[in-house]
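To be precise, the following lines are final.tsv, and they hold TSV, C-alpha atoms.
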chain	number	residue	atom	x	y	z
D	65	ARG	CA	0.00	0.00	0.00
D	66	ILE	CA	1.20	3.51	-0.78
D	67	TYR	CA	0.84	5.55	2.42
D	68	LEU	CA	1.90	9.01	1.25
D	69	PRO	CA	-1.33	9.72	-0.72
D	70	LEU	CA	-3.32	8.70	2.37
D	71	ALA	CA	-1.18	10.88	4.63
D	72	ALA	CA	-2.01	13.88	2.45
D	73	LYS	CA	-5.77	13.45	2.98
D	74	PRO	CA	-7.67	15.03	5.90
D	75	VAL	CA	-8.52	12.54	8.65
D	76	ASP	CA	-12.27	12.96	8.12
D	77	LYS	CA	-11.88	11.94	4.47
D	78	LEU	CA	-10.32	8.58	5.32
D	79	SER	CA	-12.26	5.34	5.62
D	80	ASP	CA	-11.97	3.30	8.82
D	81	ASP	CA	-9.65	0.80	7.12
D	82	GLU	CA	-7.46	3.61	5.83
D	83	LYS	CA	-7.29	5.18	9.29
D	84	ILE	CA	-6.10	1.89	10.83
D	85	ASP	CA	-3.56	1.24	8.08
D	86	LEU	CA	-2.17	4.78	8.25
D	87	ALA	CA	-2.15	4.84	12.07
D	88	LEU	CA	-0.17	1.58	12.16
D	89	TRP	CA	2.32	2.98	9.65
D	90	TYR	CA	2.81	6.17	11.70
D	91	GLN	CA	3.12	4.11	14.89
D	92	GLN	CA	5.84	1.93	13.37
D	93	LEU	CA	7.59	5.01	11.99
D	94	GLY	CA	7.49	6.77	15.35
D	95	THR	CA	8.77	3.83	17.40
D	96	ALA	CA	11.59	3.21	14.89
D	97	THR	CA	12.73	6.84	15.02
D	98	GLU	CA	15.18	7.69	17.78
D	99	GLY	CA	14.69	10.54	20.20
D	100	ALA	CA	12.36	13.51	19.95
D	101	ALA	CA	12.00	13.11	16.18
D	102	GLY	CA	9.68	10.14	16.83
D	103	ARG	CA	7.07	12.27	18.60
D	104	LYS	CA	5.45	13.72	15.47
D	105	PRO	CA	4.51	10.40	13.79
D	106	LEU	CA	3.35	9.01	17.16
D	107	VAL	CA	1.04	11.99	17.69
D	108	ARG	CA	-0.30	11.50	14.17
D	109	ALA	CA	-0.95	7.81	14.93
D	110	LYS	CA	-2.78	8.82	18.14
D	111	VAL	CA	-5.10	11.18	16.23
D	112	LEU	CA	-5.92	8.47	13.68
D	113	TYR	CA	-6.64	5.78	16.27
D	114	GLU	CA	-8.87	8.17	18.24
D	115	SER	CA	-10.75	9.13	15.06
D	116	PHE	CA	-11.24	5.46	14.21
D	117	LEU	CA	-12.65	4.75	17.69
D	118	VAL	CA	-15.12	7.62	17.32
D	119	SER	CA	-16.41	6.42	13.94
D	120	HIS	CA	-16.19	2.66	14.58
D	121	VAL	CA	-18.48	2.11	17.59
D	122	GLN	CA	-19.06	-1.62	17.12
D	123	GLU	CA	-17.28	-3.63	19.82
D	124	ASP	CA	-15.39	-6.06	17.60
D	125	ILE	CA	-11.83	-7.23	17.06
D	126	SER	CA	-10.95	-4.10	15.03
D	127	ARG	CA	-12.03	-1.78	17.86
D	128	ALA	CA	-10.22	-3.87	20.48
D	129	THR	CA	-7.04	-3.86	18.38
D	130	ALA	CA	-7.22	-0.09	17.92
D	131	LYS	CA	-7.67	0.44	21.69
D	132	ALA	CA	-4.62	-1.71	22.44
D	133	ALA	CA	-2.57	0.09	19.79
D	134	LEU	CA	-3.66	3.50	21.10
D	135	LEU	CA	-2.54	2.52	24.61
D	136	LYS	CA	0.93	1.62	23.26
D	137	VAL	CA	1.12	4.95	21.42
D	138	HIS	CA	0.23	6.83	24.63
D	139	GLN	CA	2.95	4.91	26.49
D	140	ALA	CA	5.53	5.69	23.77
D	141	ILE	CA	4.67	9.41	23.85
D	142	GLU	CA	4.89	9.44	27.66
D	143	ALA	CA	8.28	7.71	27.50
D	144	LEU	CA	9.51	10.37	25.06
D	145	SER	CA	8.26	13.13	27.34
D	146	ALA	CA	10.02	11.56	30.31
D	147	ALA	CA	13.26	11.28	28.35
D	148	GLU	CA	12.98	14.91	27.24
D	149	ASN	CA	12.36	16.01	30.82
D	150	ARG	CA	15.41	14.10	32.00
D	151	ALA	CA	17.51	15.65	29.23
D	152	SER	CA	16.30	19.15	30.14
D	153	ARG	CA	17.36	18.72	33.77
D	154	PRO	CA	20.98	19.54	34.60
D	155	PRO	CA	23.14	16.46	35.20
D	156	SER	CA	23.81	15.48	38.79
D	157	LEU	CA	26.96	16.77	40.43
D	158	HIS	CA	28.23	13.19	40.74
D	159	SER	CA	27.79	12.52	37.00
D	160	GLN	CA	29.48	15.84	36.16
D	161	ARG	CA	32.51	14.78	38.17
D	162	ILE	CA	32.62	11.40	36.47
D	163	TYR	CA	32.30	13.10	33.07
D	164	ALA	CA	35.22	15.41	33.92
D	165	ARG	CA	37.33	12.38	34.91
D	166	ALA	CA	36.38	10.70	31.63
D	167	ARG	CA	37.51	13.70	29.59
D	168	ALA	CA	40.79	13.79	31.50
D	169	ALA	CA	41.34	10.06	30.89
D	170	TRP	CA	40.62	10.51	27.19
D	171	ARG	CA	43.07	13.40	26.90
D	172	ASP	CA	45.68	11.30	28.74
D	173	GLY	CA	45.41	8.58	26.10
D	174	GLN	CA	43.22	6.17	28.10
D	175	PRO	CA	40.14	5.73	25.89
D	176	HIS	CA	38.92	2.50	27.49
D	177	LEU	CA	38.95	4.05	30.97
D	178	ALA	CA	37.17	7.08	29.53
D	179	ILE	CA	34.45	4.87	28.02
D	180	ASN	CA	33.89	3.07	31.35
D	181	LEU	CA	33.53	6.39	33.16
D	182	LEU	CA	31.22	7.82	30.48
D	183	GLU	CA	28.94	4.80	30.69
D	184	GLN	CA	28.69	5.40	34.44
D	185	ALA	CA	27.87	9.06	33.83
D	186	ASN	CA	25.29	8.08	31.21
D	187	ARG	CA	23.53	5.77	33.67
D	188	LEU	CA	23.39	8.53	36.28
D	189	SER	CA	22.31	11.26	33.82
D	190	PRO	CA	20.81	9.63	30.69
D	191	ASN	CA	20.38	11.46	27.41
D	192	ARG	CA	23.02	14.12	27.99
D	193	PRO	CA	24.31	15.16	24.54
D	194	GLU	CA	27.82	15.96	25.79
D	195	ILE	CA	28.19	12.47	27.28
D	196	LEU	CA	26.79	10.73	24.19
D	197	ARG	CA	28.91	12.89	21.88
D	198	LEU	CA	32.16	12.09	23.67
D	199	MET	CA	31.35	8.38	23.77
D	200	GLY	CA	30.63	8.45	20.05
D	201	ASN	CA	33.84	10.31	19.33
D	202	ILE	CA	35.97	7.89	21.37
D	203	TYR	CA	34.31	4.79	19.95
D	204	ILE	CA	34.89	5.97	16.37
D	205	ASN	CA	38.34	7.54	16.61
D	206	ASP	CA	40.07	5.75	19.49
D	207	VAL	CA	38.40	2.38	20.12
D	208	ARG	CA	37.70	1.78	16.41
D	209	ASN	CA	34.11	0.68	16.98
D	210	PRO	CA	32.23	2.83	14.46
D	211	VAL	CA	28.92	0.97	14.83
D	212	GLN	CA	28.68	1.78	18.53
D	213	GLY	CA	30.13	5.24	17.99
D	214	THR	CA	27.64	6.31	15.34
D	215	GLN	CA	24.79	4.99	17.49
D	216	TYR	CA	25.78	7.30	20.35
D	217	LEU	CA	26.25	10.24	17.98
D	218	LYS	CA	22.80	9.69	16.45
D	219	GLU	CA	21.30	9.65	19.94
D	220	ALA	CA	23.05	12.94	20.71
D	221	VAL	CA	21.72	14.52	17.51
D	222	ALA	CA	18.20	13.21	18.17
D	223	ILE	CA	18.26	15.10	21.49
D	224	ASP	CA	19.97	18.19	20.07
D	225	PRO	CA	19.54	18.56	16.27
D	226	ALA	CA	21.88	21.59	16.36
D	227	ASP	CA	24.77	19.57	17.84
D	228	LEU	CA	27.31	20.55	15.20
D	229	ASP	CA	30.16	18.50	16.70
D	230	SER	CA	28.17	15.24	16.54
D	231	ILE	CA	26.74	15.96	13.10
D	232	PHE	CA	30.21	16.71	11.75
D	233	LEU	CA	31.60	13.46	13.20
D	234	LEU	CA	28.78	11.49	11.53
D	235	GLY	CA	29.47	13.12	8.16
D	236	ARG	CA	33.22	12.66	8.56
D	237	HIS	CA	32.71	8.97	9.33
D	238	GLU	CA	30.56	8.60	6.20
D	239	PHE	CA	33.36	10.20	4.16
D	240	LEU	CA	36.43	8.48	5.57
D	241	HIS	CA	35.07	4.99	6.19
D	242	LEU	CA	31.81	4.39	4.30
D	243	HIS	CA	32.53	6.49	1.19
D	244	ASN	CA	28.83	7.21	0.85
D	245	TRP	CA	29.14	10.53	-0.95
D	246	ASN	CA	25.42	11.28	-1.10
D	247	ASN	CA	25.11	10.85	2.67
D	248	VAL	CA	28.18	13.03	3.17
D	249	ILE	CA	26.59	15.76	1.05
D	250	VAL	CA	23.31	15.64	2.98
D	251	VAL	CA	24.95	15.61	6.43
D	252	MET	CA	27.66	18.20	5.71
D	253	ALA	CA	25.27	20.54	3.87
D	254	TYR	CA	23.00	20.47	6.92
D	255	ALA	CA	26.00	20.99	9.21
D	256	SER	CA	27.17	23.99	7.17
D	257	LYS	CA	23.94	25.83	8.02
D	258	LEU	CA	24.32	25.41	11.79
D	259	ASP	CA	25.82	27.97	14.14
D	260	GLY	CA	29.37	26.85	14.90
D	261	LYS	CA	29.92	29.38	17.70
D	262	ASN	CA	30.19	26.73	20.43
D	263	ALA	CA	31.65	23.96	18.29
D	264	ASP	CA	35.29	23.06	17.73
D	265	PRO	CA	36.74	26.06	15.80
D	266	ALA	CA	38.16	23.87	13.04
D	267	ILE	CA	34.86	22.24	12.13
D	268	PRO	CA	33.44	24.93	9.77
D	269	MET	CA	36.60	24.83	7.64
D	270	LEU	CA	36.71	21.01	7.62
D	271	ILE	CA	33.05	20.84	6.61
D	272	THR	CA	33.77	22.79	3.42
D	273	HIS	CA	36.64	20.43	2.57
D	274	TYR	CA	34.66	17.21	3.03
D	275	LEU	CA	31.56	18.66	1.36
D	276	GLY	CA	33.59	19.86	-1.62
D	277	ARG	CA	35.25	16.47	-2.04
D	278	ALA	CA	31.93	14.62	-1.84
D	279	LEU	CA	30.30	16.97	-4.36
D	280	GLN	CA	33.28	16.48	-6.66
D	281	ASN	CA	33.02	12.70	-6.36
D	282	GLU	CA	29.32	12.84	-7.26
D	283	GLY	CA	29.94	15.11	-10.26
D	284	TYR	CA	28.42	18.32	-8.86
D	285	ASP	CA	31.29	20.37	-10.24
D	286	ALA	CA	29.95	23.92	-9.83
D	287	ALA	CA	28.83	23.26	-6.25
D	288	ALA	CA	32.18	21.64	-5.46
D	289	ILE	CA	34.05	24.72	-6.73
D	290	GLU	CA	32.04	26.91	-4.36
D	291	GLN	CA	32.95	24.71	-1.39
D	292	PHE	CA	36.64	24.51	-2.30
D	293	ARG	CA	36.80	28.29	-2.61
D	294	THR	CA	35.15	28.66	0.79
D	295	PHE	CA	37.68	26.20	2.20
D	296	LEU	CA	40.57	28.23	0.81
D	297	GLU	CA	39.13	31.50	2.08
D	298	SER	CA	38.65	30.07	5.58
D	299	GLY	CA	42.12	28.56	5.74
D	300	GLY	CA	43.56	31.13	8.14
D	301	PRO	CA	45.20	30.20	11.42
D	302	ILE	CA	42.99	28.56	14.04
D	303	THR	CA	43.29	30.82	17.06
D	304	ARG	CA	41.57	28.49	19.55
D	305	SER	CA	42.66	24.99	20.49
D	306	THR	CA	41.21	22.22	18.36
D	307	ARG	CA	41.28	18.45	18.60
D	308	TYR	CA	41.51	18.38	14.80
D	309	PHE	CA	44.87	20.16	14.74
D	310	GLN	CA	46.63	17.43	12.71
D	311	GLU	CA	43.76	17.30	10.23
D	312	VAL	CA	43.80	21.07	9.80
D	313	ALA	CA	47.58	21.04	9.37
D	314	LEU	CA	47.31	18.31	6.73
D	315	PHE	CA	44.63	20.13	4.76
D	316	SER	CA	46.55	23.40	5.03
D	317	ARG	CA	49.46	21.69	3.30
D	318	THR	CA	47.13	20.65	0.48
D	319	ILE	CA	46.24	24.19	-0.61
D	320	PRO	CA	47.98	23.66	-3.99
D	321	LEU	CA	45.93	20.49	-4.45
D	322	ALA	CA	42.72	22.37	-3.62
D	323	TRP	CA	43.48	24.98	-6.30
D	324	GLN	CA	44.36	22.18	-8.72
D	325	GLN	CA	41.03	20.47	-7.97
D	326	ILE	CA	39.23	23.75	-8.66
D	327	GLY	CA	41.10	23.97	-11.97
D	328	ASP	CA	40.12	20.40	-12.85
D	329	LEU	CA	36.47	21.16	-12.07
D	330	TYR	CA	36.49	24.29	-14.24
D	331	SER	CA	38.17	22.25	-16.96
D	332	ARG	CA	35.41	19.64	-16.77
D	333	LEU	CA	32.88	22.47	-17.04
D	334	GLY	CA	34.65	23.70	-20.18
D	335	ASP	CA	35.77	26.99	-18.60
D	336	ALA	CA	39.43	27.10	-19.68
D	337	PRO	CA	40.13	30.72	-18.52
D	338	GLU	CA	38.96	30.01	-14.97
D	339	ALA	CA	40.78	26.66	-14.99
D	340	LEU	CA	44.01	28.44	-15.94
D	341	LYS	CA	43.55	30.99	-13.13
D	342	ALA	CA	43.14	28.16	-10.62
D	343	TYR	CA	46.18	26.28	-11.92
D	344	ARG	CA	48.27	29.46	-11.71
D	345	GLN	CA	47.10	29.91	-8.10
D	346	ALA	CA	48.22	26.34	-7.39
D	347	ALA	CA	51.59	27.05	-9.01
D	348	GLU	CA	52.19	29.94	-6.59
D	349	PHE	CA	52.18	27.45	-3.70
D	350	ASP	CA	54.04	24.74	-5.63
D	351	GLU	CA	57.72	25.10	-4.83
D	352	VAL	CA	58.85	21.91	-6.60
D	353	GLY	CA	57.08	22.40	-9.92
D	354	ASP	CA	54.72	19.42	-10.07
D	355	PRO	CA	54.83	18.05	-13.66
D	356	SER	CA	51.16	17.05	-13.51
D	357	LEU	CA	50.22	20.64	-12.67
D	358	VAL	CA	52.35	21.93	-15.57
D	359	ALA	CA	50.64	19.43	-17.87
D	360	ARG	CA	47.23	20.74	-16.81
D	361	THR	CA	48.34	24.33	-17.32
D	362	VAL	CA	49.70	23.53	-20.79
D	363	TYR	CA	46.45	21.79	-21.75
D	364	VAL	CA	44.23	24.78	-20.91
D	365	ARG	CA	46.71	27.23	-22.45
D	366	LEU	CA	46.54	25.33	-25.72
D	367	LEU	CA	42.73	25.38	-25.54
D	368	GLN	CA	42.98	29.17	-25.48
D	369	GLY	CA	45.57	29.35	-28.25
D	370	GLN	CA	48.40	30.39	-25.90
D	371	LYS	CA	51.03	28.27	-27.65
D	372	ASP	CA	54.04	30.47	-26.78
D	373	GLU	CA	53.10	30.51	-23.09
D	374	ALA	CA	52.57	26.75	-23.14
D	375	LEU	CA	56.00	26.26	-24.72
D	376	SER	CA	57.59	28.48	-22.07
D	377	ASP	CA	55.97	26.42	-19.29
D	378	VAL	CA	57.24	23.16	-20.81
D	379	ILE	CA	60.79	24.47	-21.39
D	380	ASN	CA	60.94	25.60	-17.76
D	381	LEU	CA	59.80	22.14	-16.69
D	382	VAL	CA	62.44	20.48	-18.90
D	383	ARG	CA	65.07	22.71	-17.27
D	384	ARG	CA	63.90	21.92	-13.71
D	385	THR	CA	63.66	18.16	-14.25
D	386	SER	CA	66.89	17.84	-16.29
D	387	ALA	CA	64.85	16.64	-19.25
D	388	ASP	CA	63.12	13.72	-17.56
D	389	GLU	CA	60.70	11.52	-19.48
D	390	ARG	CA	57.52	13.36	-18.42
D	391	SER	CA	58.82	16.76	-19.48
D	392	LEU	CA	59.97	15.43	-22.84
D	393	LYS	CA	56.59	13.82	-23.42
D	394	LEU	CA	55.03	17.24	-22.88
D	395	LEU	CA	57.30	18.57	-25.64
D	396	GLU	CA	55.96	15.87	-27.95
D	397	TYR	CA	52.43	16.78	-26.93
D	398	LEU	CA	53.07	20.41	-27.89
D	399	GLY	CA	54.13	19.34	-31.36
D	400	GLU	CA	51.10	17.07	-31.75
D	401	SER	CA	48.84	19.93	-30.63
D	402	GLY	CA	49.92	22.28	-33.40
D	403	ALA	CA	52.82	24.16	-31.84
D	404	SER	CA	55.50	25.14	-34.35
D	405	ALA	CA	58.14	22.39	-34.49
D	406	GLN	CA	60.73	25.03	-35.48
D	407	ARG	CA	59.83	27.19	-32.48
D	408	VAL	CA	59.98	24.20	-30.11
D	409	ALA	CA	63.33	23.10	-31.56
D	410	GLY	CA	64.71	26.64	-31.24
D	411	GLU	CA	63.82	26.90	-27.57
D	412	LEU	CA	65.18	23.43	-26.91
D	413	LYS	CA	68.48	24.31	-28.63
D	414	LYS	CA	68.86	27.38	-26.41
D	415	LEU	CA	68.30	25.24	-23.34
D	416	TYR	CA	70.72	22.62	-24.70
D	417	GLU	CA	73.49	25.21	-24.95
D	418	GLN	CA	72.68	26.83	-21.60
D	419	ALA	CA	72.69	23.48	-19.80
D	420	GLY	CA	76.11	22.44	-21.11
D	421	ARG	CA	74.88	20.17	-23.92
D	422	PRO	CA	73.65	17.23	-21.84
D	423	ALA	CA	73.07	13.91	-23.63
D	424	SER	CA	69.39	13.81	-22.61
D	425	LEU	CA	68.68	17.07	-24.44
D	426	ALA	CA	70.77	15.98	-27.42
D	427	LEU	CA	68.58	12.90	-27.77
D	428	ALA	CA	65.43	14.97	-27.37
D	429	LEU	CA	66.59	17.39	-30.05
D	430	ALA	CA	67.49	14.55	-32.41
D	431	LYS	CA	64.05	13.02	-31.96
D	432	LEU	CA	62.32	16.35	-32.44
D	433	LEU	CA	64.25	17.15	-35.62
D	434	GLY	CA	63.85	13.61	-36.94
D	435	ASP	CA	67.60	12.90	-37.05
Target encoding structure tokens, full file:
Amino acid sequence: RIYLPLAAKPVDKLSDDEKIDLALWYQQLGTATEGAAGRKPLVRAKVLYESFLVSHVQEDISRATAKAALLKVHQAIEALSAAENRASRPPSLHSQRIYARARAAWRDGQPHLAINLLEQANRLSPNRPEILRLMGNIYINDVRNPVQGTQYLKEAVAIDPADLDSIFLLGRHEFLHLHNWNNVIVVMAYASKLDGKNADPAIPMLITHYLGRALQNEGYDAAAIEQFRTFLESGGPITRSTRYFQEVALFSRTIPLAWQQIGDLYSRLGDAPEALKAYRQAAEFDEVGDPSLVARTVYVRLLQGQKDEALSDVINLVRRTSADERSLKLLEYLGESGASAQRVAGELKKLYEQAGRPASLALALAKLLGD
């Protein structure tokens, strides 16, 4: 049965059978949904069961079943209310002390002790997002139990849908371990709209990186460019302490790669001028002269008819790499792409003389001139 068309109809337009079917569906949906998010479908199920009991007055098996189901729905709603009340109350002083000991143990490199203490704190003060979040973090990153870790993080988010730290950890886990790019996009896009004022200061920057990579992997090139640019613009120094320091440091060292990825995306979109700008930005951070970056630059230069500039880039690469195989192949590519063989040979001869007539360049010249 398709429930969505029924759900769109007013209750008084439903038949008794439709009310029961739809109420059961909402009840199952509500009980399967963790935390406060399950309240809405349960309330909808309650309304449908009550409407059925008003219209179906005959004391038969259908009415008895509906009464029993309505009682279970009431109990589920009451349990949710009790859990929400417990979560709204401040944790006991004893659980706060245990939580503080757990954080200290975690920072001292004792994750298993931290987990034991957090479980004690969770029993004393259930449904505290900070306790659930830390347990999730430790289970995923330290104990290597992602199933248990994500369960705790989901519980934390169900209690506090604005818990940016937990939402980020869920999206990061999807990216690093599950490689489910669509899920990463959904989670990180939601996270990017939350207020990060009280979250780890590195998270907003890391969100743009993971979101950009996921969008790129799914082929959303224009959206990926926007995220990569945001990542580069937010790449300033982190002034507050962060537990993601190593991750931030790693990504900061990949700024040339980020510009190269932007260039690749523009290239895929057929925007050679913007691709060239991005590659030139990458080259400013590239101290070693990555041959693959030069190859990309040459490709988009040729697309724009900049043959002299492309030749200059390749000659500089040949000089830096002492005429290694990759640089010489780029020379061949220039010739195949319509660059003047005489011009290429002339520049190569100059380099040959300047470099002291090395054998590698002599062979390259001979091949180029067909000797």
Counting only C-alpha atoms, figure out which residue out of D:Gly283, D:Ala430, D:Leu233, D:Arg307 gets nearest to Ile271 (chain D). D:Leu233
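Shortest atom-to-atom contact with Ala166 (chain D) among D:Ala146, D:Arg277, D:Met199, D:Val248: D:Met199, counting all atoms listed in the file.
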Identify, on the basis of only C-alpha atoms, every residue whose closest approach to Leu279 (chain D) does not exceed 9 Å; exclude the query and any residue fewer than 3 positions from it along the same chain; express the result as a PyMOL selection string. chain D and resi 245-246+248-249+274-276+282-289+291
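Comparing the minimum interatomic distances between Tyr363 (chain D) and each of D:Tyr113, D:Phe232, D:Tyr397, D:Phe349, counting all atoms listed in the file, we find that D:Tyr397 sits nearest.
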In terms of the shortest atom-to-atom distance over all atoms listed in the file, which of D:Val118, D:Ile125, D:Ala342, D:Ile195 is closest to Pro155 (chain D)? D:Ile195
Which residues, written as a VMD selection string, have at least one atom at most 10 Å from Asn247 (chain D), with only C-alpha atoms counted and residues fewer than 6 positions away on the same chain left out? chain D and resid 234 to 235 238 to 239 253 278
Between CA of Ala346 (chain D) and CA of Gln324 (chain D) - distance in Å to one decimal: 5.8 Å
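Reported to one decimal place, the separation of CA of Asp85 (chain D) from CA of Ser115 (chain D) is 12.8 Å.
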